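Visitor: Below is the structure I would like to discuss, written out as structure tokens.
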Amino acid sequence: MNDKTHLVDHITGHRRMRRNRKADWTRRLVRENQLTVDDLIWPVFIVPGTNIIEPIPAMPGVNRMSVDRFVEAAREAADLGIPAIATFPNIEMDLRDETGSQSLEANNLINQATAAIKRSVGNIGVITDVALDPFTSHGHDGILRGDDIVNDETVDQVVKAAIMQADAGADIISPSEMMDGRIGAIRRGLDAAGHQNVGIMAYATKFSSGFYGPYREAICTSGLLKGDKNSYYINPANGMEAMRDAALDVEEGADMLMVKPGLPYLDICWRLKEAFSLPTFAYQVSGEYTQIKAAAMNGWIDGDRVMMETLLCFKRAGCDGILTYFAIEAAKKLAKG
């Protein structure tokens, strides 16, 4: 026994990695990354009406909420210490059209929700998206002309929508439609409208992913989509292209960068943080959430453990925070220590 131990020590140069793992206190002492409630952003789905809490079948545990119930939920999130909420509307079908014109209504659903939060819950940030997909009859993120998502016309419209969202009280505009030149145009538009202090969190690398399915059910676009989004989302094979895309957003004035989806693209999170040193976020998207929930419901994994492990992985990859549907659950677990 002693001879074998001596041999192992000789081979490893007396370096035993398990010394720092031997007890709970040593593991905590040498911990490299830590997840806190300050890292969580909660994406929420809003619907018209009052007193509505509507489960989303493809996303167990996630609901669509009317604005009044959303305010109650936002208050709970704020009380848990969650810093910000990201809002996504599910508007009536008869309000959707080819150009997503409802995005330019000052009192549309997304702006109603923002204004209500700012009136009633003072200690939480509101992040809004100006992509057109919740408002279009074809499910695309921009204006469709024939078979083409037109870039510049879409950018003009999202700038106007961004200003209206800022007027309603949005703290951060987070454009996800992936049109070229949108970050600079939104920055100029916000500044000209007196919203110099409204930030921009760019969906800097939004990949054409199969993980978005449950989200599209949540905003009721899955049955509307004509074709695919490959002409404006990034090919999952292309890491260098993603870096070039992000570099343009930085050059145009983005305050923060986002990677979407999250877990399959941890390498991109790391590369963005290393390259630009800007606040970097990952969106743990609906498909990631649902996979964990479904496996846990079937007893195949420990759902809470995997939830917390994946969130910690984003921190290890350099992320400053995570947009996650687990935000409330994770915040409660963190509060319990």
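By convention here, the chains of the structure tokens are called A, B, ... in the order presented, each chain's residues are numbered starting at 1, and ligands are numbered starting at 1 in the order presented.
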Just want the 8 Å neighbourhood of segment 241-255 of chain A, counted on only C-alpha atoms, with same-chain residues fewer than 4 positions away dropped. Output as a PyMOL selection string.
Guide: chain A and resi 181+183-184+187+199-202+204-205+234+268+271-272+276+278-279
Visitor: Using only C-alpha atoms, which protein or nucleic acid residues come within 6 Å of segment 91-105 of chain A? Drop anything in the same chain fewer than 2 positions from it, and give the result as a PyMOL selection string.
Guide: chain A and resi 89+107-108+132+135-137+143+161
Visitor: For a quick check of understanding, using only C-alpha atoms, which of A:Arg145, A:Arg75, A:Lys293, A:Arg15 has the smallest distance to Phe326 of chain A?
Guide: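 So, comparing all the options, the nearest one is A:Lys293.
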Visitor: Given the choices A:Ser286, A:Leu312, A:Val130, A:Lys229, which gets closest to Glu217 of chain A if the distance is worked out from only C-alpha atoms?
Guide: A:Ser286
Visitor: Go ahead and compute the interatomic distance for atom CA of Ala327 of chain A and atom CA of Gln291 of chain A, in Å to one decimal.
Guide: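 Spanning atom CA of Ala327 of chain A to atom CA of Gln291 of chain A is a straight-line distance of 16.1 Å.
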Visitor: A:Asp133, A:Asp191, A:Asp304, A:Asp267: which is nearest Glu329 of chain A, counting only C-alpha atoms?
Guide: A:Asp304
Visitor: Could you tell me which of A:Leu80, A:Val121, A:Leu144, A:Val259 comes closest to Ile328 of chain A if we count only C-alpha atoms?
Guide: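 Among A:Leu80, A:Val121, A:Leu144, A:Val259, it is A:Leu80 that comes nearest to Ile328 of chain A.
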